[in-house]
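*Asks:* The file below is work-v6.pdb, PDB, C-alpha atoms and all ligand atoms:
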ATOM      1  CA  MET A  79    -130.390 -50.882-105.522
ATOM      2  CA  ARG A  80    -133.548 -51.383-107.576
ATOM      3  CA  ILE A  81    -135.615 -48.246-107.727
ATOM      4  CA  ILE A  82    -137.900 -46.098-109.823
ATOM      5  CA  LEU A  83    -137.261 -42.353-110.069
ATOM      6  CA  LEU A  84    -140.559 -40.657-110.634
ATOM      7  CA  GLY A  85    -141.186 -37.037-111.444
ATOM      8  CA  PRO A  86    -142.244 -34.535-114.077
ATOM      9  CA  PRO A  87    -140.029 -33.627-117.040
ATOM     10  CA  GLY A  88    -137.067 -31.614-115.771
ATOM     11  CA  ALA A  89    -137.389 -32.790-112.154
ATOM     12  CA  GLY A  90    -133.813 -34.069-112.163
ATOM     13  CA  LYS A  91    -134.432 -37.791-112.654
ATOM     14  CA  GLY A  92    -131.656 -38.256-115.210
ATOM     15  CA  THR A  93    -129.211 -36.157-113.210
ATOM     16  CA  GLN A  94    -129.789 -38.128-110.011
ATOM     17  CA  ALA A  95    -129.856 -41.460-111.852
ATOM     18  CA  ARG A  96    -126.368 -40.785-113.219
ATOM     19  CA  ILE A  97    -125.025 -39.857-109.780
ATOM     20  CA  LEU A  98    -126.514 -42.979-108.160
ATOM     21  CA  MET A  99    -125.385 -45.172-111.041
ATOM     22  CA  GLU A 100    -121.734 -44.222-110.474
ATOM     23  CA  LYS A 101    -121.967 -44.387-106.714
ATOM     24  CA  TYR A 102    -123.720 -47.754-106.478
ATOM     25  CA  GLY A 103    -122.575 -49.504-109.658
ATOM     26  CA  VAL A 104    -126.089 -49.984-110.996
ATOM     27  CA  VAL A 105    -127.455 -49.170-114.460
ATOM     28  CA  GLN A 106    -129.737 -46.325-115.423
ATOM     29  CA  ILE A 107    -132.642 -47.361-117.617
ATOM     30  CA  ALA A 108    -134.072 -44.194-119.115
ATOM     31  CA  ALA A 109    -136.989 -44.766-121.470
ATOM     32  CA  GLY A 110    -136.452 -41.379-123.143
ATOM     33  CA  ASP A 111    -132.743 -42.062-123.712
ATOM     34  CA  LEU A 112    -133.512 -45.455-125.247
ATOM     35  CA  PHE A 113    -136.019 -43.834-127.608
ATOM     36  CA  ARG A 114    -133.569 -41.064-128.550
ATOM     37  CA  GLU A 115    -130.799 -43.599-129.251
ATOM     38  CA  ASN A 116    -133.162 -45.425-131.613
ATOM     39  CA  ILE A 117    -134.159 -42.192-133.343
ATOM     40  CA  LYS A 118    -130.518 -41.212-133.790
ATOM     41  CA  ALA A 119    -129.622 -44.642-135.180
ATOM     42  CA  GLY A 120    -132.639 -44.563-137.517
ATOM     43  CA  THR A 121    -133.987 -47.940-136.351
ATOM     44  CA  PRO A 122    -137.582 -49.022-137.143
ATOM     45  CA  LEU A 123    -138.476 -48.335-133.486
ATOM     46  CA  GLY A 124    -136.929 -44.879-133.757
ATOM     47  CA  LYS A 125    -138.956 -44.103-136.885
ATOM     48  CA  GLN A 126    -142.128 -45.250-135.136
ATOM     49  CA  VAL A 127    -141.715 -42.970-132.132
ATOM     50  CA  GLU A 128    -140.011 -39.846-133.479
ATOM     51  CA  ALA A 129    -143.128 -37.795-134.298
ATOM     52  CA  ILE A 130    -144.859 -38.644-131.026
ATOM     53  CA  ILE A 131    -141.867 -37.598-128.937
ATOM     54  CA  LYS A 132    -141.508 -34.392-130.894
ATOM     55  CA  GLU A 133    -145.084 -33.496-129.935
ATOM     56  CA  GLY A 134    -144.498 -34.362-126.271
ATOM     57  CA  ARG A 135    -147.059 -37.169-126.195
ATOM     58  CA  LEU A 136    -146.503 -40.612-124.705
ATOM     59  CA  VAL A 137    -145.315 -43.454-126.899
ATOM     60  CA  SER A 138    -147.758 -46.396-126.897
ATOM     61  CA  ASP A 139    -147.624 -48.755-123.941
ATOM     62  CA  ASP A 140    -146.999 -51.759-126.214
ATOM     63  CA  ILE A 141    -143.826 -50.340-127.669
ATOM     64  CA  THR A 142    -142.585 -48.875-124.393
ATOM     65  CA  ILE A 143    -143.232 -51.927-122.234
ATOM     66  CA  ARG A 144    -141.581 -54.266-124.731
ATOM     67  CA  MET A 145    -138.511 -52.015-124.909
ATOM     68  CA  ILE A 146    -138.155 -51.897-121.112
ATOM     69  CA  ALA A 147    -138.760 -55.646-120.719
ATOM     70  CA  ASP A 148    -135.935 -56.334-123.183
ATOM     71  CA  ARG A 149    -133.653 -53.909-121.373
ATOM     72  CA  LEU A 150    -134.327 -55.477-117.970
ATOM     73  CA  ASP A 151    -133.299 -58.858-119.376
ATOM     74  CA  LYS A 152    -129.775 -57.653-120.168
ATOM     75  CA  PRO A 153    -127.131 -59.090-117.814
ATOM     76  CA  ASP A 154    -125.941 -55.637-116.642
ATOM     77  CA  CYS A 155    -129.212 -55.228-114.698
ATOM     78  CA  LYS A 156    -128.214 -58.041-112.322
ATOM     79  CA  ASN A 157    -126.507 -55.689-109.846
ATOM     80  CA  GLY A 158    -129.443 -53.324-109.768
ATOM     81  CA  PHE A 159    -131.074 -50.619-111.837
ATOM     82  CA  ILE A 160    -132.619 -47.203-111.718
ATOM     83  CA  LEU A 161    -135.739 -46.834-113.823
ATOM     84  CA  ASP A 162    -135.944 -43.238-115.025
ATOM     85  CA  GLY A 163    -139.074 -42.177-116.896
ATOM     86  CA  PHE A 164    -140.773 -45.561-116.733
ATOM     87  CA  PRO A 165    -143.516 -46.281-115.758
ATOM     88  CA  ARG A 166    -145.385 -43.168-116.911
ATOM     89  CA  ASN A 167    -148.996 -44.311-116.560
ATOM     90  CA  VAL A 168    -150.959 -46.865-114.574
ATOM     91  CA  ALA A 169    -150.989 -49.482-117.370
ATOM     92  CA  GLN A 170    -147.173 -49.342-117.480
ATOM     93  CA  ALA A 171    -146.954 -49.585-113.687
ATOM     94  CA  GLU A 172    -149.168 -52.683-113.778
ATOM     95  CA  ALA A 173    -147.108 -54.227-116.567
ATOM     96  CA  LEU A 174    -143.896 -53.551-114.656
ATOM     97  CA  GLU A 175    -145.304 -55.106-111.503
ATOM     98  CA  LYS A 176    -146.174 -58.268-113.420
ATOM     99  CA  MET A 177    -142.819 -58.319-115.202
ATOM    100  CA  LEU A 178    -140.786 -57.983-111.992
ATOM    101  CA  HIS A 179    -142.934 -60.559-110.240
ATOM    102  CA  GLU A 180    -142.250 -63.051-113.042
ATOM    103  CA  LYS A 181    -138.531 -62.362-112.846
ATOM    104  CA  GLY A 182    -138.585 -62.676-109.038
ATOM    105  CA  ILE A 183    -137.288 -59.130-108.561
ATOM    106  CA  ALA A 184    -138.430 -56.792-105.777
ATOM    107  CA  LEU A 185    -138.079 -53.024-105.896
ATOM    108  CA  ASP A 186    -136.441 -51.164-102.997
ATOM    109  CA  GLY A 187    -138.685 -48.192-103.503
ATOM    110  CA  VAL A 188    -140.261 -45.634-105.772
ATOM    111  CA  VAL A 189    -138.848 -42.159-105.275
ATOM    112  CA  GLN A 190    -140.988 -39.210-106.271
ATOM    113  CA  MET A 191    -139.048 -36.030-107.025
ATOM    114  CA  ALA A 192    -141.373 -33.115-106.337
ATOM    115  CA  VAL A 193    -140.674 -29.880-108.230
ATOM    116  CA  ASN A 194    -143.142 -27.113-109.085
ATOM    117  CA  ASP A 195    -144.080 -26.394-112.702
ATOM    118  CA  GLU A 196    -142.424 -22.970-112.837
ATOM    119  CA  GLN A 197    -139.059 -24.400-111.822
ATOM    120  CA  LEU A 198    -139.526 -27.261-114.322
ATOM    121  CA  ILE A 199    -139.890 -24.848-117.194
ATOM    122  CA  ASP A 200    -136.670 -23.074-116.125
ATOM    123  CA  ARG A 201    -134.844 -26.359-115.840
ATOM    124  CA  ILE A 202    -135.989 -27.695-119.188
ATOM    125  CA  SER A 203    -135.323 -24.493-121.102
ATOM    126  CA  GLY A 204    -131.725 -24.357-119.794
ATOM    127  CA  ARG A 205    -130.940 -28.030-120.225
ATOM    128  CA  PHE A 206    -128.158 -29.335-122.486
ATOM    129  CA  THR A 207    -126.225 -32.574-122.673
ATOM    130  CA  CYS A 208    -122.791 -33.773-123.744
ATOM    131  CA  SER A 209    -123.366 -36.100-126.679
ATOM    132  CA  GLY A 210    -119.959 -37.647-125.993
ATOM    133  CA  CYS A 211    -120.749 -39.100-122.563
ATOM    134  CA  GLY A 212    -124.355 -38.158-121.750
ATOM    135  CA  GLU A 213    -123.499 -35.791-118.888
ATOM    136  CA  GLY A 214    -126.294 -33.276-118.284
ATOM    137  CA  TYR A 215    -125.768 -29.539-117.810
ATOM    138  CA  HIS A 216    -127.783 -26.385-117.264
ATOM    139  CA  ASP A 217    -127.293 -22.783-118.419
ATOM    140  CA  LYS A 218    -127.771 -21.460-114.881
ATOM    141  CA  PHE A 219    -127.735 -24.356-112.421
ATOM    142  CA  LYS A 220    -124.957 -26.598-113.702
ATOM    143  CA  LYS A 221    -122.559 -24.837-116.039
ATOM    144  CA  PRO A 222    -119.503 -26.655-117.353
ATOM    145  CA  ALA A 223    -116.193 -25.253-116.031
ATOM    146  CA  HIS A 224    -115.192 -24.251-119.595
ATOM    147  CA  ALA A 225    -117.938 -23.002-121.886
ATOM    148  CA  ASP A 226    -117.585 -25.456-124.763
ATOM    149  CA  SER A 227    -116.046 -28.552-123.191
ATOM    150  CA  CYS A 228    -117.462 -31.341-121.052
ATOM    151  CA  ASP A 229    -116.220 -31.523-117.446
ATOM    152  CA  LYS A 230    -116.720 -35.257-117.437
ATOM    153  CA  CYS A 231    -115.171 -36.545-120.675
ATOM    154  CA  GLY A 232    -113.365 -33.466-122.007
ATOM    155  CA  ALA A 233    -115.166 -33.564-125.382
ATOM    156  CA  LYS A 234    -115.236 -30.171-127.113
ATOM    157  CA  GLY A 235    -118.190 -28.770-129.068
ATOM    158  CA  LYS A 236    -120.385 -31.775-128.317
ATOM    159  CA  PHE A 237    -123.152 -30.096-126.362
ATOM    160  CA  THR A 238    -126.650 -30.708-127.713
ATOM    161  CA  ARG A 239    -130.172 -29.621-126.817
ATOM    162  CA  ARG A 240    -133.189 -31.868-127.163
ATOM    163  CA  ALA A 241    -135.671 -31.208-129.965
ATOM    164  CA  ASP A 242    -138.552 -31.573-127.493
ATOM    165  CA  ASP A 243    -137.162 -29.097-124.951
ATOM    166  CA  ASN A 244    -139.043 -26.126-126.425
ATOM    167  CA  ALA A 245    -141.773 -24.023-124.837
ATOM    168  CA  ALA A 246    -144.722 -25.516-126.767
ATOM    169  CA  THR A 247    -143.763 -29.158-126.215
ATOM    170  CA  VAL A 248    -142.885 -28.595-122.583
ATOM    171  CA  ARG A 249    -146.431 -27.469-121.905
ATOM    172  CA  THR A 250    -147.817 -30.668-123.471
ATOM    173  CA  ARG A 251    -145.330 -32.788-121.520
ATOM    174  CA  LEU A 252    -146.331 -31.175-118.218
ATOM    175  CA  GLU A 253    -150.019 -31.709-118.991
ATOM    176  CA  THR A 254    -149.278 -35.324-119.872
ATOM    177  CA  TYR A 255    -147.459 -35.700-116.569
ATOM    178  CA  HIS A 256    -150.332 -34.343-114.510
ATOM    179  CA  SER A 257    -153.074 -36.255-116.344
ATOM    180  CA  GLN A 258    -151.362 -39.594-117.042
ATOM    181  CA  THR A 259    -148.291 -40.025-114.847
ATOM    182  CA  ALA A 260    -149.405 -38.503-111.536
ATOM    183  CA  PRO A 261    -152.088 -41.248-111.130
ATOM    184  CA  ILE A 262    -149.309 -43.765-110.532
ATOM    185  CA  LEU A 263    -148.448 -42.002-107.254
ATOM    186  CA  PRO A 264    -151.485 -43.477-105.452
ATOM    187  CA  PHE A 265    -150.752 -46.816-107.153
ATOM    188  CA  TYR A 266    -147.362 -47.024-105.393
ATOM    189  CA  SER A 267    -148.568 -45.330-102.257
ATOM    190  CA  ALA A 268    -151.211 -48.075-101.840
ATOM    191  CA  ARG A 269    -148.362 -50.593-102.021
ATOM    192  CA  LYS A 270    -146.360 -48.686 -99.370
ATOM    193  CA  MET A 271    -143.528 -48.180-101.844
ATOM    194  CA  LEU A 272    -143.749 -44.441-102.459
ATOM    195  CA  LYS A 273    -141.124 -42.114-100.995
ATOM    196  CA  THR A 274    -141.022 -38.413-101.727
ATOM    197  CA  VAL A 275    -138.055 -36.039-101.844
ATOM    198  CA  ASN A 276    -137.956 -32.288-102.349
ATOM    199  CA  GLY A 277    -136.560 -31.940-105.856
ATOM    200  CA  MET A 278    -136.342 -28.153-105.484
ATOM    201  CA  ALA A 279    -133.232 -28.536-103.328
ATOM    202  CA  ASP A 280    -129.741 -28.365-104.811
ATOM    203  CA  LEU A 281    -128.245 -31.361-106.594
ATOM    204  CA  ALA A 282    -126.217 -32.885-103.747
ATOM    205  CA  ASP A 283    -129.018 -32.337-101.268
ATOM    206  CA  VAL A 284    -131.455 -34.240-103.489
ATOM    207  CA  THR A 285    -129.013 -37.155-103.695
ATOM    208  CA  SER A 286    -128.766 -37.264 -99.873
ATOM    209  CA  GLN A 287    -132.546 -37.157 -99.547
ATOM    210  CA  ILE A 288    -132.907 -40.107-101.942
ATOM    211  CA  GLU A 289    -130.346 -42.110 -99.984
ATOM    212  CA  ALA A 290    -132.106 -41.232 -96.734
ATOM    213  CA  VAL A 291    -135.614 -42.244 -97.839
ATOM    214  CA  LEU A 292    -134.307 -45.527 -99.269
ATOM    215  CA  ALA A 293    -132.440 -46.318 -96.054
ATOM    216  CA  GLY A 294    -135.387 -45.373 -93.838
TER     217      GLY A 294
HETATM  218  P1  LIG G   1    -137.950 -35.974-119.444
HETATM  219  O1  LIG G   1    -136.623 -36.391-118.865
HETATM  220  O2  LIG G   1    -137.972 -34.529-119.847
HETATM  221  O3  LIG G   1    -139.106 -36.355-118.591
HETATM  222  P2  LIG G   1    -137.728 -38.283-121.149
HETATM  223  O4  LIG G   1    -136.389 -38.318-121.746
HETATM  224  O5  LIG G   1    -137.975 -39.147-119.962
HETATM  225  O6  LIG G   1    -138.091 -36.762-120.809
HETATM  226  O7  LIG G   1    -138.839 -38.606-122.241
HETATM  227  C1  LIG G   1    -138.868 -37.943-123.463
HETATM  228  C2  LIG G   1    -140.085 -38.390-124.251
HETATM  229  O8  LIG G   1    -140.009 -39.805-124.518
HETATM  230  C3  LIG G   1    -141.424 -38.204-123.539
HETATM  231  O9  LIG G   1    -141.940 -36.891-123.679
HETATM  232  C4  LIG G   1    -142.286 -39.254-124.253
HETATM  233  O10 LIG G   1    -142.668 -38.794-125.542
HETATM  234  C5  LIG G   1    -141.300 -40.392-124.443
HETATM  235  N1  LIG G   1    -141.324 -41.304-123.285
HETATM  236  C6  LIG G   1    -140.373 -41.417-122.325
HETATM  237  N2  LIG G   1    -140.710 -42.347-121.415
HETATM  238  C7  LIG G   1    -141.914 -42.843-121.807
HETATM  239  C8  LIG G   1    -142.812 -43.824-121.273
HETATM  240  N3  LIG G   1    -142.546 -44.494-120.145
HETATM  241  N4  LIG G   1    -143.966 -44.057-121.960
HETATM  242  C9  LIG G   1    -144.255 -43.409-123.096
HETATM  243  N5  LIG G   1    -143.467 -42.472-123.636
HETATM  244  C10 LIG G   1    -142.306 -42.179-123.016
HETATM  245  P1  LIG G   2    -135.323 -35.145-115.966
HETATM  246  O1  LIG G   2    -134.450 -36.324-116.310
HETATM  247  O2  LIG G   2    -136.173 -35.399-114.769
HETATM  248  O3  LIG G   2    -136.132 -34.663-117.126
HETATM  249  P2  LIG G   2    -132.780 -33.694-115.755
HETATM  250  O4  LIG G   2    -132.026 -34.564-114.808
HETATM  251  O5  LIG G   2    -132.421 -33.737-117.184
HETATM  252  O6  LIG G   2    -134.372 -33.924-115.555
HETATM  253  O7  LIG G   2    -132.687 -32.181-115.213
HETATM  254  C1  LIG G   2    -133.245 -31.095-115.951
HETATM  255  C2  LIG G   2    -132.280 -29.906-115.923
HETATM  256  O8  LIG G   2    -132.237 -29.350-114.600
HETATM  257  C3  LIG G   2    -130.844 -30.261-116.279
HETATM  258  O9  LIG G   2    -130.316 -29.177-117.038
HETATM  259  C4  LIG G   2    -130.136 -30.391-114.922
HETATM  260  O10 LIG G   2    -128.769 -29.997-115.031
HETATM  261  C5  LIG G   2    -130.917 -29.415-114.063
HETATM  262  N1  LIG G   2    -131.071 -29.893-112.676
HETATM  263  C6  LIG G   2    -131.286 -31.167-112.265
HETATM  264  N2  LIG G   2    -131.422 -31.222-110.914
HETATM  265  C7  LIG G   2    -131.289 -29.950-110.462
HETATM  266  C8  LIG G   2    -131.344 -29.339-109.159
HETATM  267  N3  LIG G   2    -131.559 -30.066-108.051
HETATM  268  N4  LIG G   2    -131.182 -28.000-109.084
HETATM  269  C9  LIG G   2    -130.982 -27.259-110.219
HETATM  270  N5  LIG G   2    -130.931 -27.772-111.465
HETATM  271  C10 LIG G   2    -131.073 -29.093-111.592
HETATM  272 ZN    ZN G   3    -118.948 -35.533-121.914
END
If you took the structure in this file and wrote it as structure tokens, what would it be?
Ligand code: ADP
Ligand code: ADP
Ligand code: ZN
*Replies:*
Amino acid sequence: MRIILLGPPGAGKGTQARILMEKYGVVQIAAGDLFRENIKAGTPLGKQVEAIIKEGRLVSDDITIRMIADRLDKPDCKNGFILDGFPRNVAQAEALEKMLHEKGIALDGVVQMAVNDEQLIDRISGRFTCSGCGEGYHDKFKKPAHADSCDKCGAKGKFTRRADDNAATVRTRLETYHSQTAPILPFYSARKMLKTVNGMADLADVTSQIEAVLAG
């Protein structure tokens, strides 16, 4: 499985990527996660991107493309990968196309997860994550079985919320999605690679839809 999950912030890309990753033994490559790991570790890359991410703007293509190219070269990508949050504009989509062509890799498809803006705001404002294992949760839609402990890894008191998941930044991120990321839909549609699922459905249903569009 070699796919791109495409969709606005909060669409459920990370959630679905983690489900597919376990089911199919492929890796999730999430641009946002890679940036956040660098910020947390205080690397030069992290220092370069921290302010931009906090404002909800896109990191420069140079930095982002180089980071993804390096990631795709790691041996764990051999069995397949799920790109989550990359590409996010046409220049990145073009760079990825060139990169994959040079590596002799073909994508199985580009899956667009369609969710309306109102639902996105609900999803983002209720989102939290286990910093122990990365499992994602939601205040309303995906509560852990026990309030303060992770269903997946059992860690206690390790839930965190993202600094950029606040009302002001979310608005900027949605605008950025509509103005810069949505133009890559026709890019992939012209290449007959674009498949769309209804991201408003419940979690398991979305997974089945993704499997169905990739099989069909
Ligand atoms: P979400 O899951 O809410 O869409 P991400 O974790 O994918 O958020 O991204 C968080 C932030 O990281 C973005 O708002 C942006 O600042 C930066 N970012 C992520 N992916 C890219 C990318 N492909 N190009 C530029 N910036 C990116
Ligand atoms: P993205 O990676 O696209 O920004 P996430 O996967 O982090 O989005 O999902 C955003 C929030 O919405 C998370 O709190 C997640 O638990 C929740 N969520 C994801 N998919 C669904 C769904 N189909 N129905 C309800 N809530 C969902
Ligand atoms: Zn956990």
*Asks:* Quick one: everything within 7 Å of segment 283-291 of chain A, counting all atoms listed in the file, minus sequence neighbours fewer than 5 positions away in the same chain. Send it as a list in words.
*Replies:*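 Contacts, in chain order: Gln94, Lys273, Val275, Asn276 and Gly277 of chain A.
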*Asks:* May I ask for the distance between atom CA of Leu84 of chain A and atom CA of Lys236 of chain A, given in Å to one decimal place?
*Replies:*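 Atom-to-atom, atom CA of Leu84 of chain A and atom CA of Lys236 of chain A are spaced 28.3 Å apart.
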*Asks:* Fewer than 3 positions away in the same chain doesn't count, so skip those; otherwise give me all residues within 12 Å of segment 250-254 of chain A, counting only C-alpha atoms, as a VMD selection string.
*Replies:* chain A and resid 85 to 89 130 to 137 166 to 167 193 to 199 202 242 to 247 257 to 261
*Asks:* Please write out the residues within 6 Å of ligand LIG 2 (chain G) as a ChimeraX atom specification, counting all atoms listed in the file.
*Replies:* /A:87-93,201-202,204-206,214-216,219-220,277-281
*Asks:* Could you give me, as an mmCIF file with C-alpha atoms, in the coordinates of the input, the residues within 8 Å of Ala108 of chain A, counting only C-alpha atoms and dropping anything in the same chain fewer than 4 positions from it?
*Replies:*
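Result file around-v6.cif:
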data_model
loop_
_atom_site.group_PDB
_atom_site.id
_atom_site.type_symbol
_atom_site.label_atom_id
_atom_site.label_comp_id
_atom_site.auth_asym_id
_atom_site.auth_seq_id
_atom_site.Cartn_x
_atom_site.Cartn_y
_atom_site.Cartn_z
ATOM 1 C CA GLY A 92 -131.656 -38.256 -115.210
ATOM 2 C CA LEU A 112 -133.512 -45.455 -125.247
ATOM 3 C CA LEU A 161 -135.739 -46.834 -113.823
ATOM 4 C CA ASP A 162 -135.944 -43.238 -115.025
ATOM 5 C CA GLY A 163 -139.074 -42.177 -116.896
ATOM 6 C CA PHE A 164 -140.773 -45.561 -116.733
#
*Asks:* When you draw a straight line from atom CA of Ala129 of chain A to atom CA of Phe237 of chain A, how long is it in Å?
*Replies:*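 Taking atom CA of Ala129 of chain A as the start and atom CA of Phe237 of chain A as the end point, the length is 22.8 Å.
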*Asks:* Starting from the point (-146.8, -47.6, -129.4), work out which residues of protein, DNA or RNA have an atom no more than 12 Å away when counting all atoms listed in the file; state them as a list in words.
*Replies:*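 Nearby residues: Phe113, Leu123, Gly124, Lys125, Gln126, Val127, Glu128, Ala129, Ile130, Ile131, Arg135, Leu136, Val137, Ser138, Asp139, Asp140, Ile141, Thr142, Ile143, Arg144 and Met145 of chain A.
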*Asks:* For the residues in that selection, give me C-alpha atoms as a PDB file, in the coordinates of the input.
*Replies:*
ATOM      1  CA  PHE A 113    -136.019 -43.834-127.608  1.00  0.00           C
ATOM      2  CA  LEU A 123    -138.476 -48.335-133.486  1.00  0.00           C
ATOM      3  CA  GLY A 124    -136.929 -44.879-133.757  1.00  0.00           C
ATOM      4  CA  LYS A 125    -138.956 -44.103-136.885  1.00  0.00           C
ATOM      5  CA  GLN A 126    -142.128 -45.250-135.136  1.00  0.00           C
ATOM      6  CA  VAL A 127    -141.715 -42.970-132.132  1.00  0.00           C
ATOM      7  CA  GLU A 128    -140.011 -39.846-133.479  1.00  0.00           C
ATOM      8  CA  ALA A 129    -143.128 -37.795-134.298  1.00  0.00           C
ATOM      9  CA  ILE A 130    -144.859 -38.644-131.026  1.00  0.00           C
ATOM     10  CA  ILE A 131    -141.867 -37.598-128.937  1.00  0.00           C
ATOM     11  CA  ARG A 135    -147.059 -37.169-126.195  1.00  0.00           C
ATOM     12  CA  LEU A 136    -146.503 -40.612-124.705  1.00  0.00           C
ATOM     13  CA  VAL A 137    -145.315 -43.454-126.899  1.00  0.00           C
ATOM     14  CA  SER A 138    -147.758 -46.396-126.897  1.00  0.00           C
ATOM     15  CA  ASP A 139    -147.624 -48.755-123.941  1.00  0.00           C
ATOM     16  CA  ASP A 140    -146.999 -51.759-126.214  1.00  0.00           C
ATOM     17  CA  ILE A 141    -143.826 -50.340-127.669  1.00  0.00           C
ATOM     18  CA  THR A 142    -142.585 -48.875-124.393  1.00  0.00           C
ATOM     19  CA  ILE A 143    -143.232 -51.927-122.234  1.00  0.00           C
ATOM     20  CA  ARG A 144    -141.581 -54.266-124.731  1.00  0.00           C
ATOM     21  CA  MET A 145    -138.511 -52.015-124.909  1.00  0.00           C
TER      22      MET A 145
END
*Asks:* May I have the residues within 9 Å of ligand ZN 3 (chain G), computed using only C-alpha atoms and all ligand atoms, as a list in words?
*Replies:*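 Protein and nucleic-acid residues within 9 Å of ligand ZN 3 (chain G): Thr207, Cys208, Ser209, Gly210, Cys211, Gly212, Glu213, Gly214, Ser227, Cys228, Asp229, Lys230, Cys231, Gly232, Ala233, Lys234, Lys236 and Phe237 of chain A.
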*Asks:* So, counting only C-alpha atoms and all ligand atoms, which residue among A:Cys155, A:Ala184, A:Leu178, A:Val248 is closest to ligand LIG 1 (chain G)?
*Replies:*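 Among the listed residues, A:Val248 lies closest to ligand LIG 1 (chain G).
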*Asks:* Hey, can you check how far atom CA of Tyr266 of chain A sits from atom CA of Gly187 of chain A?
*Replies:*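 Answer for the atom CA of Tyr266 of chain A to atom CA of Gly187 of chain A separation: 9.0 Å.
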*Asks:* Could you complete segment 189-203 of chain A so that it carries N, CA and C atoms, and give it back as a PDB file, in the coordinates of the input?
*Replies:*
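Writing the result to rebuild36.pdb gives the following:
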ATOM      1  N   VAL A 189    -139.169 -43.481-105.812  1.00  0.00           N
ATOM      2  CA  VAL A 189    -138.848 -42.159-105.275  1.00  0.00           C
ATOM      3  C   VAL A 189    -139.447 -41.070-106.148  1.00  0.00           C
ATOM      4  N   GLN A 190    -140.357 -40.325-105.556  1.00  0.00           N
ATOM      5  CA  GLN A 190    -140.988 -39.210-106.271  1.00  0.00           C
ATOM      6  C   GLN A 190    -140.165 -37.944-106.040  1.00  0.00           C
ATOM      7  N   MET A 191    -139.785 -37.287-107.128  1.00  0.00           N
ATOM      8  CA  MET A 191    -139.048 -36.030-107.025  1.00  0.00           C
ATOM      9  C   MET A 191    -140.019 -34.882-107.286  1.00  0.00           C
ATOM     10  N   ALA A 192    -140.360 -34.162-106.224  1.00  0.00           N
ATOM     11  CA  ALA A 192    -141.373 -33.115-106.337  1.00  0.00           C
ATOM     12  C   ALA A 192    -140.727 -31.764-106.668  1.00  0.00           C
ATOM     13  N   VAL A 193    -141.173 -31.190-107.780  1.00  0.00           N
ATOM     14  CA  VAL A 193    -140.674 -29.880-108.230  1.00  0.00           C
ATOM     15  C   VAL A 193    -141.859 -29.123-108.821  1.00  0.00           C
ATOM     16  N   ASN A 194    -141.987 -27.823-108.530  1.00  0.00           N
ATOM     17  CA  ASN A 194    -143.142 -27.113-109.085  1.00  0.00           C
ATOM     18  C   ASN A 194    -142.958 -26.751-110.562  1.00  0.00           C
ATOM     19  N   ASP A 195    -144.090 -26.550-111.246  1.00  0.00           N
ATOM     20  CA  ASP A 195    -144.080 -26.394-112.702  1.00  0.00           C
ATOM     21  C   ASP A 195    -143.210 -25.231-113.180  1.00  0.00           C
ATOM     22  N   GLU A 196    -143.206 -24.137-112.418  1.00  0.00           N
ATOM     23  CA  GLU A 196    -142.424 -22.970-112.837  1.00  0.00           C
ATOM     24  C   GLU A 196    -140.933 -23.311-112.916  1.00  0.00           C
ATOM     25  N   GLN A 197    -140.469 -23.995-111.869  1.00  0.00           N
ATOM     26  CA  GLN A 197    -139.059 -24.400-111.822  1.00  0.00           C
ATOM     27  C   GLN A 197    -138.762 -25.405-112.939  1.00  0.00           C
ATOM     28  N   LEU A 198    -139.734 -26.256-113.277  1.00  0.00           N
ATOM     29  CA  LEU A 198    -139.526 -27.261-114.322  1.00  0.00           C
ATOM     30  C   LEU A 198    -139.271 -26.586-115.660  1.00  0.00           C
ATOM     31  N   ILE A 199    -140.041 -25.542-115.920  1.00  0.00           N
ATOM     32  CA  ILE A 199    -139.890 -24.848-117.194  1.00  0.00           C
ATOM     33  C   ILE A 199    -138.499 -24.218-117.276  1.00  0.00           C
ATOM     34  N   ASP A 200    -138.039 -23.624-116.180  1.00  0.00           N
ATOM     35  CA  ASP A 200    -136.670 -23.074-116.125  1.00  0.00           C
ATOM     36  C   ASP A 200    -135.632 -24.159-116.371  1.00  0.00           C
ATOM     37  N   ARG A 201    -135.834 -25.279-115.723  1.00  0.00           N
ATOM     38  CA  ARG A 201    -134.844 -26.359-115.840  1.00  0.00           C
ATOM     39  C   ARG A 201    -134.793 -26.912-117.258  1.00  0.00           C
ATOM     40  N   ILE A 202    -135.967 -27.096-117.852  1.00  0.00           N
ATOM     41  CA  ILE A 202    -135.989 -27.695-119.188  1.00  0.00           C
ATOM     42  C   ILE A 202    -135.451 -26.714-120.229  1.00  0.00           C
ATOM     43  N   SER A 203    -135.795 -25.434-120.069  1.00  0.00           N
ATOM     44  CA  SER A 203    -135.323 -24.493-121.102  1.00  0.00           C
ATOM     45  C   SER A 203    -133.810 -24.262-121.025  1.00  0.00           C
TER      46      SER A 203
END
